[in-house]
$ cat final-v8.txt   # compact mmCIF, C-alpha atoms
# COMPACT_ATOMS: atom_id res chain seq x y z
CA MET A 1 0.00 0.00 0.00
CA VAL A 2 1.25 3.49 -0.91
CA GLY A 3 -0.47 6.53 0.56
CA ALA A 4 0.25 10.16 1.45
CA TYR A 5 -0.25 12.69 4.20
CA LEU A 6 1.06 15.96 5.65
CA THR A 7 3.33 16.08 8.68
CA GLY A 8 3.31 18.85 11.23
CA ALA A 9 2.14 22.45 11.43
CA PHE A 10 0.77 24.30 8.40
CA GLY A 11 1.87 27.80 7.49
CA GLN A 12 -0.58 30.43 8.75
CA SER A 13 -2.55 32.59 6.32
CA GLN A 14 -2.17 36.33 5.92
CA ASP A 15 -5.69 36.73 7.30
CA LEU A 16 -4.74 34.89 10.48
CA TYR A 17 -1.47 36.80 10.79
CA LYS A 18 -3.35 40.10 10.40
CA ALA A 19 -6.03 39.16 12.94
CA ARG A 20 -3.42 38.17 15.50
CA ASN A 21 -1.32 41.25 14.87
CA GLU A 22 -4.35 43.52 15.22
CA ALA A 23 -5.33 41.86 18.50
CA LYS A 24 -1.77 42.10 19.82
CA ARG A 25 -1.68 45.84 19.09
CA GLY A 26 -5.10 46.46 20.62
CA ARG A 27 -6.72 47.31 17.29
CA GLY A 28 -8.78 44.14 17.07
CA LEU A 29 -10.53 41.61 19.25
CA PRO A 30 -8.76 38.38 20.30
CA GLU A 31 -11.95 36.51 19.36
CA ALA A 32 -11.44 37.54 15.71
CA ALA A 33 -8.10 35.70 15.68
CA VAL A 34 -9.71 32.66 17.33
CA GLN A 35 -12.42 32.55 14.70
CA GLN A 36 -9.94 33.01 11.85
CA ALA A 37 -7.83 30.13 13.18
CA LYS A 38 -10.92 27.93 13.26
CA LYS A 39 -11.91 28.99 9.74
CA ASP A 40 -8.43 28.27 8.39
CA THR A 41 -8.35 24.94 10.22
CA GLN A 42 -11.62 23.90 8.58
CA ARG A 43 -10.25 24.90 5.19
CA ILE A 44 -6.99 22.94 5.50
CA ILE A 45 -8.73 19.88 6.89
CA GLN A 46 -11.15 19.94 3.96
CA LEU A 47 -8.29 20.41 1.48
CA GLN A 48 -6.58 17.33 2.92
CA ARG A 49 -9.76 15.29 2.61
CA ASP A 50 -10.38 16.53 -0.94
CA ALA A 51 -6.79 15.60 -1.82
CA GLY A 52 -7.39 12.02 -0.63
CA MET A 53 -4.82 12.15 2.16
CA ASP A 54 -4.76 8.88 4.08
CA PHE A 55 -4.34 10.71 7.39
CA VAL A 56 -5.70 14.18 8.14
CA VAL A 57 -3.63 16.27 10.53
CA ASP A 58 -4.71 19.25 12.59
CA PRO A 59 -2.82 22.19 10.98
CA MET A 60 -1.78 23.38 14.46
CA PHE A 61 -2.70 27.03 13.96
CA ASN A 62 -2.96 27.45 17.73
CA PHE A 63 0.61 26.23 18.27
CA PHE A 64 3.48 28.70 18.25
CA TYR A 65 6.01 25.90 18.87
CA LEU A 66 5.93 22.14 19.36
CA PHE A 67 6.48 22.16 23.14
CA GLN A 68 3.94 24.90 23.90
CA PRO A 69 1.14 22.73 25.38
CA PHE A 70 3.67 20.88 27.51
CA ALA A 71 5.37 24.07 28.74
CA GLU A 72 2.15 25.97 29.43
CA GLN A 73 -0.21 23.26 30.69
CA VAL A 74 1.74 20.44 32.33
CA GLU A 75 2.21 20.68 36.07
CA GLY A 76 5.91 20.96 36.86
CA VAL A 77 6.89 22.60 33.56
CA LYS A 78 7.39 26.26 32.68
CA ALA A 79 8.48 28.09 29.54
CA GLY A 80 12.09 29.22 29.72
CA PRO A 81 14.33 31.31 27.46
CA GLN A 82 13.64 31.73 23.76
CA GLU A 83 15.91 29.77 21.42
CA ASN A 84 16.21 29.11 17.70
CA TRP A 85 14.43 25.98 16.45
CA PHE A 86 17.46 24.30 14.91
CA ASN A 87 18.58 26.17 11.78
CA ASN A 88 15.25 27.79 10.99
CA ASN A 89 14.13 31.37 11.37
CA VAL A 90 11.56 30.36 13.98
CA PHE A 91 11.84 30.09 17.74
CA TYR A 92 10.68 28.05 20.71
CA TRP A 93 10.68 28.61 24.46
CA ARG A 94 12.95 26.10 26.17
CA PRO A 95 10.91 24.05 28.67
CA GLN A 96 12.04 24.18 32.29
CA ILE A 97 11.11 20.77 33.72
CA HIS A 98 11.05 20.24 37.47
CA GLY A 99 10.38 16.53 37.80
CA PRO A 100 9.35 13.95 38.36
CA LEU A 101 6.14 15.05 36.62
CA PRO A 102 2.77 13.60 37.66
CA LEU A 103 0.80 11.81 34.95
CA GLN A 104 -1.86 14.10 33.50
CA THR A 105 -4.02 14.33 30.38
CA GLY A 106 -5.77 16.87 28.21
CA PHE A 107 -2.93 19.36 28.04
CA THR A 108 -2.95 19.52 24.23
CA GLU A 109 -6.70 19.91 23.69
CA LYS A 110 -6.98 23.70 23.99
CA TYR A 111 -4.46 24.04 21.14
CA LEU A 112 -6.29 21.67 18.79
CA HIS A 113 -9.56 21.60 16.86
CA LEU A 114 -10.44 18.00 17.68
CA HIS A 115 -14.09 18.36 16.69
CA GLU A 116 -13.11 19.49 13.19
CA LEU A 117 -11.09 16.35 12.49
CA PRO A 118 -12.63 13.27 10.82
CA ALA A 119 -14.12 10.68 13.16
CA ASP A 120 -13.34 7.70 10.94
CA GLY A 121 -9.92 6.85 12.39
CA THR A 122 -7.92 8.87 9.86
CA ALA A 123 -7.20 11.84 12.16
CA MET A 124 -3.53 12.29 13.07
CA LEU A 125 -1.92 14.46 15.75
CA VAL A 126 1.68 15.40 16.47
CA LEU A 127 3.39 15.14 19.86
CA PRO A 128 7.05 15.69 20.74
CA SER A 129 9.25 12.64 21.05
CA PRO A 130 10.45 12.31 24.66
CA TYR A 131 14.10 12.25 23.53
CA THR A 132 13.87 15.51 21.57
CA MET A 133 11.98 17.11 24.46
CA LEU A 134 14.69 16.04 26.90
CA MET A 135 17.49 17.34 24.67
CA LEU A 136 15.81 20.72 24.13
CA SER A 137 14.76 21.29 27.76
CA ASP A 138 16.40 21.99 31.09
CA SER A 139 15.42 19.31 33.59
CA THR A 140 15.97 19.00 37.32
CA GLY A 141 14.80 16.60 40.01
CA TYR A 142 15.84 13.35 38.32
CA PRO A 143 18.72 11.10 39.38
CA ASP A 144 19.82 10.70 35.75
CA ARG A 145 18.71 11.24 32.16
CA THR A 146 17.28 7.74 31.85
CA GLU A 147 14.82 8.49 34.64
CA ALA A 148 14.05 11.85 33.03
CA VAL A 149 13.28 10.47 29.57
CA THR A 150 11.21 7.67 31.12
CA ASN A 151 9.07 10.15 33.03
CA LEU A 152 8.63 12.41 29.99
CA ALA A 153 7.66 9.40 27.89
CA GLU A 154 5.11 8.32 30.50
CA VAL A 155 3.47 11.77 30.44
CA ILE A 156 3.48 11.86 26.62
CA CYS A 157 2.14 8.30 26.39
CA THR A 158 -0.69 9.09 28.80
CA GLU A 159 -1.66 12.04 26.60
CA ALA A 160 -1.43 9.89 23.45
CA GLN A 161 -3.76 7.34 25.05
CA HIS A 162 -6.18 10.15 25.95
CA LEU A 163 -6.13 11.43 22.36
CA ALA A 164 -6.75 7.90 21.09
CA SER A 165 -9.85 7.80 23.30
CA GLN A 166 -11.01 10.96 21.50
CA GLY A 167 -10.98 9.16 18.15
CA ILE A 168 -7.47 9.98 16.91
CA GLY A 169 -6.15 7.18 14.69
CA ARG A 170 -2.46 8.02 14.43
CA ILE A 171 0.08 9.68 16.72
CA GLN A 172 3.25 11.11 15.23
CA TYR A 173 6.19 11.69 17.57
CA ASP A 174 8.42 14.44 16.16
CA GLU A 175 12.09 13.47 16.50
CA PRO A 176 14.51 15.93 14.90
CA ALA A 177 17.19 15.89 17.62
CA ILE A 178 18.55 12.38 17.05
CA VAL A 179 19.29 12.88 13.35
CA VAL A 180 20.62 16.41 13.85
CA LYS A 181 23.13 15.03 16.38
CA GLN A 182 23.99 12.23 13.97
CA SER A 183 24.60 14.75 11.18
CA LEU A 184 26.82 16.87 13.43
CA GLY A 185 28.89 13.86 14.51
CA SER A 186 27.93 14.28 18.17
CA LEU A 187 25.68 11.23 18.56
CA THR A 188 26.60 8.90 21.43
CA GLU A 189 25.50 5.48 22.61
CA GLU A 190 23.71 7.21 25.46
CA ASP A 191 21.63 9.19 22.96
CA LEU A 192 20.53 6.00 21.22
CA MET A 193 19.75 4.38 24.55
CA LEU A 194 17.66 7.36 25.67
CA LEU A 195 15.67 7.39 22.43
CA LYS A 196 15.07 3.66 22.74
CA ARG A 197 13.94 4.00 26.35
CA GLY A 198 11.47 6.73 25.41
CA MET A 199 9.98 4.65 22.61
CA GLU A 200 9.76 1.58 24.83
CA VAL A 201 7.39 3.59 27.00
CA CYS A 202 5.29 5.44 24.41
CA GLY A 203 5.91 3.66 21.10
CA HIS A 204 2.86 1.43 21.49
CA VAL A 205 -0.51 3.04 22.15
CA ASP A 206 -3.67 0.95 22.15
CA GLY A 207 -6.09 1.83 19.37
CA VAL A 208 -3.75 3.91 17.21
CA THR A 209 -0.71 3.54 14.99
CA THR A 210 2.42 5.43 16.00
CA SER A 211 5.13 7.06 13.90
CA LEU A 212 8.56 8.32 14.94
CA HIS A 213 9.18 11.09 12.42
CA THR A 214 12.79 12.25 12.02
CA TYR A 215 13.73 15.41 10.13
CA PHE A 216 16.35 18.18 9.76
CA GLY A 217 19.15 15.60 9.56
CA ASP A 218 20.63 12.56 7.83
CA ALA A 219 19.15 9.35 9.21
CA GLY A 220 21.20 7.13 6.87
CA PRO A 221 23.87 5.80 9.27
CA ILE A 222 21.34 4.94 12.00
CA ILE A 223 18.46 3.56 9.90
CA PRO A 224 18.99 -0.02 11.19
CA TYR A 225 18.76 1.24 14.75
CA LEU A 226 15.63 3.29 14.00
CA ILE A 227 13.97 0.30 12.34
CA SER A 228 14.43 -1.68 15.56
CA LEU A 229 12.50 0.81 17.70
CA PRO A 230 9.04 -0.23 18.93
CA VAL A 231 6.89 2.06 16.78
CA ASP A 232 4.63 1.20 13.86
CA CYS A 233 6.13 3.67 11.40
CA LEU A 234 9.51 5.31 10.83
CA GLY A 235 9.54 8.76 9.21
CA ILE A 236 12.67 9.67 7.23
CA ASP A 237 13.54 13.11 5.85
CA GLY A 238 14.26 12.21 2.25
CA THR A 239 15.68 15.65 1.54
CA GLU A 240 18.47 15.07 4.10
CA THR A 241 18.88 11.28 3.80
CA SER A 242 20.02 9.89 0.44
CA LEU A 243 17.81 7.47 -1.45
CA VAL A 244 20.84 5.18 -1.74
CA ASP A 245 20.97 4.85 2.06
CA ILE A 246 17.21 4.34 2.29
CA LEU A 247 17.34 1.55 -0.31
CA LYS A 248 20.04 -0.38 1.56
CA HIS A 249 17.64 -1.76 4.12
CA ASP A 250 14.69 -4.11 4.43
CA TYR A 251 11.78 -2.59 6.33
CA ALA A 252 9.63 -5.74 6.52
CA GLY A 253 7.01 -5.31 9.22
CA LYS A 254 7.62 -1.56 9.56
CA GLU A 255 5.71 1.26 7.91
CA ILE A 256 7.88 3.92 6.27
CA ALA A 257 6.94 7.59 5.78
CA LEU A 258 9.27 9.17 3.22
CA GLY A 259 9.58 12.94 3.44
CA LEU A 260 10.50 13.50 -0.20
CA LEU A 261 8.74 16.85 -0.47
CA ASP A 262 10.83 19.63 1.08
CA ALA A 263 8.49 21.76 3.18
CA ARG A 264 11.23 24.35 3.75
CA ASN A 265 11.77 24.96 0.03
CA THR A 266 9.25 26.84 -2.11
CA SER A 267 10.33 24.97 -5.25
CA LEU A 268 8.01 22.15 -6.28
CA GLU A 269 9.53 18.72 -6.87
CA ASP A 270 9.12 16.87 -10.17
CA PRO A 271 6.15 14.56 -9.56
CA GLN A 272 7.42 11.90 -11.97
CA ARG A 273 10.76 11.73 -10.16
CA ILE A 274 8.96 11.37 -6.81
CA VAL A 275 6.86 8.55 -8.27
CA GLU A 276 10.00 6.75 -9.43
CA GLN A 277 11.63 7.11 -6.00
CA ILE A 278 8.56 5.84 -4.17
CA ARG A 279 8.22 2.85 -6.48
CA ALA A 280 11.90 1.98 -6.05
CA VAL A 281 11.51 1.97 -2.27
CA ALA A 282 8.29 -0.03 -2.44
CA ASP A 283 9.81 -2.65 -4.77
CA ARG A 284 13.17 -3.08 -3.05
CA THR A 285 12.69 -2.55 0.69
CA HIS A 286 9.40 -4.35 1.49
CA PRO A 287 7.81 -1.96 4.00
CA ALA A 288 4.53 -3.01 5.60
CA LYS A 289 3.07 0.25 4.27
CA LEU A 290 4.70 3.16 2.46
CA TRP A 291 3.65 6.77 2.82
CA LEU A 292 4.75 9.84 0.87
CA THR A 293 4.93 12.91 3.09
CA THR A 294 6.43 16.34 3.39
CA ASN A 295 9.71 16.10 5.30
CA THR A 296 8.29 18.35 8.04
CA GLY A 297 5.49 20.85 8.55
CA THR A 298 4.93 23.61 6.00
CA GLU A 299 4.95 26.35 8.66
CA TYR A 300 8.33 27.69 7.54
CA ARG A 301 7.16 29.03 4.16
CA GLY A 302 3.58 30.03 4.74
CA PHE A 303 0.01 29.16 3.83
CA THR A 304 0.12 29.41 0.03
CA HIS A 305 3.31 27.35 -0.13
CA GLY A 306 1.67 24.73 2.06
CA THR A 307 -1.34 24.42 -0.23
CA ARG A 308 0.98 23.94 -3.21
CA LYS A 309 2.88 21.14 -1.47
CA LEU A 310 -0.44 19.55 -0.51
CA ASP A 311 -1.59 19.68 -4.12
CA LEU A 312 1.68 18.05 -5.18
CA LEU A 313 1.07 15.26 -2.66
CA ARG A 314 -2.35 14.81 -4.24
CA ARG A 315 -0.92 14.65 -7.77
CA VAL A 316 1.78 12.13 -6.87
CA ARG A 317 -0.63 9.95 -4.93
CA SER A 318 -2.97 9.92 -7.93
CA MET A 319 -0.12 8.99 -10.27
CA LEU A 320 0.89 6.13 -7.98
CA HIS A 321 -2.62 4.74 -8.04
CA GLU A 322 -3.11 4.94 -11.82
$ encode --input "final-v8.txt" --output "structure tokens"
Amino acid sequence: MVGAYLTGAFGQSQDLYKARNEAKRGRGLPEAAVQQAKKDTQRIIQLQRDAGMDFVVDPMFNFFYLFQPFAEQVEGVKAGPQENWFNNNVFYWRPQIHGPLPLQTGFTEKYLHLHELPADGTAMLVLPSPYTMLMLSDSTGYPDRTEAVTNLAEVICTEAQHLASQGIGRIQYDEPAIVVKQSLGSLTEEDLMLLKRGMEVCGHVDGVTTSLHTYFGDAGPIIPYLISLPVDCLGIDGTETSLVDILKHDYAGKEIALGLLDARNTSLEDPQRIVEQIRAVADRTHPAKLWLTTNTGTEYRGFTHGTRKLDLLRRVRSMLHE
């Protein structure tokens, strides 16, 4: 089976940007921004459904950064200093974690439009991987990092289970940190162990499929390790990882999500070339299921760019099914 879906946050529209800017400057009502976010969410969800996407993701218009619900809503966590989100011109607030954290649920709901998502099991939501959260946070109160990542994974897993009870069919754990460290040559055995420990705790969630989605770095040298992790699907940034490295391995029993469409580049890929790459992977690596995706969310280049990448996903998916 070959399908397609978006991954991550969608670029906000000019109308939403204007409404938020007006509210921030006291020239408009905050409710106008709330309503515009809802309107844009409905539009992007419908565009995904019209495009035949196999999973429909909340466009995350109420998120300003991946860790925001965790930092603002979870007991024992606060937002810390502002930092650059890897090598992008966007920022996040570094979580300050004072653990161990109690298990709690519902902390993502105020940032989502759950009632706008399909109720047929095709809705997908994005949560941070516990390893990336640990690496991009300051944590205290734990005897060591193994205990810290275990606790973070328990909190994230509890939230994933709660979201599954709300009808979500797929949970994607965003994991850029492990491949960025690999690309920089700073990856250690401890890093791999910490990632594994996190996935042992939250990689299986009753009632949903799970995906560990890596991006911003070359996964090639650690693909065998990633395949071994207890998640249903492995996401690989195909703009950072060479097709040669991807084709070296057998993914039998594991779903693969190939991020061959570069969400950080406004250029549109050649659909025929993408079709050829997908077919090569399907024919030679035997994944349980194969998905074409953007390598990450389209938030970095804006709303119009996102709709163009979505339309390209639609075109390639159609070509694959001809």
$ residues_near_point --input "final-v8.txt" --point "(-0.6, 2.5, 18.5)" --cutoff "9 Å" --atoms "all atoms listed in the file" --output "number ranges by chain"
A: 160-161, 164, 169-171, 202-211, 231-232
$ atom_distance --input "final-v8.txt" --atom1 "atom CA of A:Trp93" --atom2 "atom CA of A:His213"
21.3 Å
$ atom_distance --input "final-v8.txt" --atom1 "atom CA of A:Gly259" --atom2 "atom CA of A:Gln166"
27.5 Å
$ residues_around --input "final-v8.txt" --residues "A:Asp138" --least-positions-apart "6" --cutoff "9 Å" --atoms "all atoms listed in the file" --output "list in words"
Gly80, Arg94, Pro95, Gln96, Ile97 and His98 of chain A
$ atom_distance --input "final-v8.txt" --atom1 "atom CA of A:Glu255" --atom2 "atom CA of A:Ile223"
13.1 Å
$ closest_residue --input "final-v8.txt" --among "A:Gln172, A:Asn21, A:Thr214, A:Ser137" --to "A:Val56" --atoms "all atoms listed in the file"
A:Gln172
$ closest_residue --input "final-v8.txt" --among "A:Leu66, A:Met53, A:Ile227, A:Leu152" --to "A:Phe91" --atoms "only C-alpha atoms"
A:Leu66
$ closest_residue --input "final-v8.txt" --among "A:Leu260, A:Ile274, A:Ala219, A:Ile44" --to "A:Ser183" --atoms "only C-alpha atoms"
A:Ala219
$ closest_residue --input "final-v8.txt" --among "A:Leu136, A:Gln48, A:Gln277, A:Pro100" --to "A:Glu83" --atoms "only C-alpha atoms"
A:Leu136
$ residues_near_point --input "final-v8.txt" --point "(3.9, 19.5, 5.5)" --cutoff "6 Å" --atoms "only C-alpha atoms" --output "list in words"
Leu6, Thr7, Gly8, Ala263, Thr294, Thr296, Gly297 and Thr298 of chain A
$ residues_around --input "final-v8.txt" --residues "A:Arg197" --least-positions-apart "6" --cutoff "12 Å" --atoms "all atoms listed in the file" --output "ChimeraX atom specification"
/A:129-131,145-154,190-191,203,229-230
$ write_last_selection --input "final-v8.txt" --atoms "C-alpha atoms" --output "short mmCIF file (atom, residue, chain, number, x, y, z; two decimals), in the frame of the given file"
data_model
loop_
_atom_site.label_atom_id
_atom_site.label_comp_id
_atom_site.auth_asym_id
_atom_site.auth_seq_id
_atom_site.Cartn_x
_atom_site.Cartn_y
_atom_site.Cartn_z
CA SER A 129 9.25 12.64 21.05
CA PRO A 130 10.45 12.31 24.66
CA TYR A 131 14.10 12.25 23.53
CA ARG A 145 18.71 11.24 32.16
CA THR A 146 17.28 7.74 31.85
CA GLU A 147 14.82 8.49 34.64
CA ALA A 148 14.05 11.85 33.03
CA VAL A 149 13.28 10.47 29.57
CA THR A 150 11.21 7.67 31.12
CA ASN A 151 9.07 10.15 33.03
CA LEU A 152 8.63 12.41 29.99
CA ALA A 153 7.66 9.40 27.89
CA GLU A 154 5.11 8.32 30.50
CA GLU A 190 23.71 7.21 25.46
CA ASP A 191 21.63 9.19 22.96
CA GLY A 203 5.91 3.66 21.10
CA LEU A 229 12.50 0.81 17.70
CA PRO A 230 9.04 -0.23 18.93
#
$ residues_around --input "final-v8.txt" --residues "A:Ala37" --least-positions-apart "2" --cutoff "12 Å" --atoms "only C-alpha atoms" --output "number ranges by chain"
A: 10-20, 30-35, 39-44, 58-63, 111-113, 116
$ closest_residue --input "final-v8.txt" --among "A:Thr241, A:Phe216, A:Val2, A:Asp283" --to "A:Glu322" --atoms "all atoms listed in the file"
A:Val2
$ closest_residue --input "final-v8.txt" --among "A:Lys289, A:Arg284, A:His162, A:His305" --to "A:Ile256" --atoms "all atoms listed in the file"
A:Lys289
$ residues_around --input "final-v8.txt" --residues "A:Arg308" --least-positions-apart "6" --cutoff "10 Å" --atoms "all atoms listed in the file" --output "MDAnalysis selection string"
chainID A and resid 266:268 314
$ write_last_selection --input "final-v8.txt" --atoms "C-alpha atoms" --output "short mmCIF file (atom, residue, chain, number, x, y, z; two decimals), keeping the file's coordinate frame"
data_model
loop_
_atom_site.label_atom_id
_atom_site.label_comp_id
_atom_site.auth_asym_id
_atom_site.auth_seq_id
_atom_site.Cartn_x
_atom_site.Cartn_y
_atom_site.Cartn_z
CA THR A 266 9.25 26.84 -2.11
CA SER A 267 10.33 24.97 -5.25
CA LEU A 268 8.01 22.15 -6.28
CA ARG A 314 -2.35 14.81 -4.24
#
$ residues_around --input "final-v8.txt" --residues "A:Tyr5" --least-positions-apart "3" --cutoff "6 Å" --atoms "all atoms listed in the file" --output "CSV table (one decimal) with C-alpha atoms, keeping the file's coordinate frame"
chain,number,residue,atom,x,y,z
A,53,MET,CA,-4.8,12.2,2.2
A,54,ASP,CA,-4.8,8.9,4.1
A,55,PHE,CA,-4.3,10.7,7.4
A,293,THR,CA,4.9,12.9,3.1
$ axis_aligned_box --input "final-v8.txt" --around "stretch 105-120 of chain A" --padding-each-side "6 Å" --output "AutoDock Vina command-line options"
--center_x -8.5 --center_y 15.9 --center_z 20.6 --size_x 23.2 --size_y 28.3 --size_z 31.6
$ decode --input "final-v8.txt" --residues "stretch 128-146 of chain A" --atoms "N, CA and C atoms" --output "CSV table (one decimal), in the first residue's frame"
chain,number,residue,atom,x,y,z
A,128,PRO,N,5.6,15.8,20.7
A,128,PRO,CA,7.0,15.7,20.7
A,128,PRO,C,7.5,14.3,21.2
A,129,SER,N,8.6,13.8,20.6
A,129,SER,CA,9.3,12.6,21.0
A,129,SER,C,9.9,13.0,22.4
A,130,PRO,N,9.8,12.0,23.3
A,130,PRO,CA,10.5,12.3,24.7
A,130,PRO,C,11.9,12.6,24.6
A,131,TYR,N,12.7,12.0,23.6
A,131,TYR,CA,14.1,12.2,23.5
A,131,TYR,C,14.4,13.7,23.1
A,132,THR,N,13.7,14.1,22.0
A,132,THR,CA,13.9,15.5,21.6
A,132,THR,C,13.5,16.5,22.7
A,133,MET,N,12.4,16.2,23.4
A,133,MET,CA,12.0,17.1,24.5
A,133,MET,C,13.1,17.2,25.5
A,134,LEU,N,13.6,16.0,25.9
A,134,LEU,CA,14.7,16.0,26.9
A,134,LEU,C,15.9,16.9,26.4
A,135,MET,N,16.3,16.7,25.2
A,135,MET,CA,17.5,17.3,24.7
A,135,MET,C,17.3,18.9,24.6
A,136,LEU,N,16.1,19.3,24.4
A,136,LEU,CA,15.8,20.7,24.1
A,136,LEU,C,15.1,21.4,25.3
A,137,SER,N,15.3,20.7,26.5
A,137,SER,CA,14.8,21.3,27.8
A,137,SER,C,15.9,21.4,28.8
A,138,ASP,N,15.6,22.0,29.9
A,138,ASP,CA,16.4,22.0,31.1
A,138,ASP,C,15.6,21.2,32.1
A,139,SER,N,16.2,20.1,32.6
A,139,SER,CA,15.4,19.3,33.6
A,139,SER,C,16.2,19.2,34.9
A,140,THR,N,15.4,19.2,36.0
A,140,THR,CA,16.0,19.0,37.3
A,140,THR,C,15.1,18.0,38.1
A,141,GLY,N,15.6,17.5,39.2
A,141,GLY,CA,14.8,16.6,40.0
A,141,GLY,C,14.9,15.1,39.7
A,142,TYR,N,15.7,14.8,38.7
A,142,TYR,CA,15.8,13.4,38.3
A,142,TYR,C,17.2,12.9,38.7
A,143,PRO,N,17.4,11.6,39.1
A,143,PRO,CA,18.7,11.1,39.4
A,143,PRO,C,19.6,11.0,38.2
A,144,ASP,N,19.0,10.8,37.0
A,144,ASP,CA,19.8,10.7,35.7
A,144,ASP,C,18.9,10.9,34.5
A,145,ARG,N,19.5,10.9,33.4
A,145,ARG,CA,18.7,11.2,32.2
A,145,ARG,C,17.8,10.1,31.8
A,146,THR,N,18.2,8.9,32.1
A,146,THR,CA,17.3,7.7,31.9
A,146,THR,C,16.0,7.9,32.6
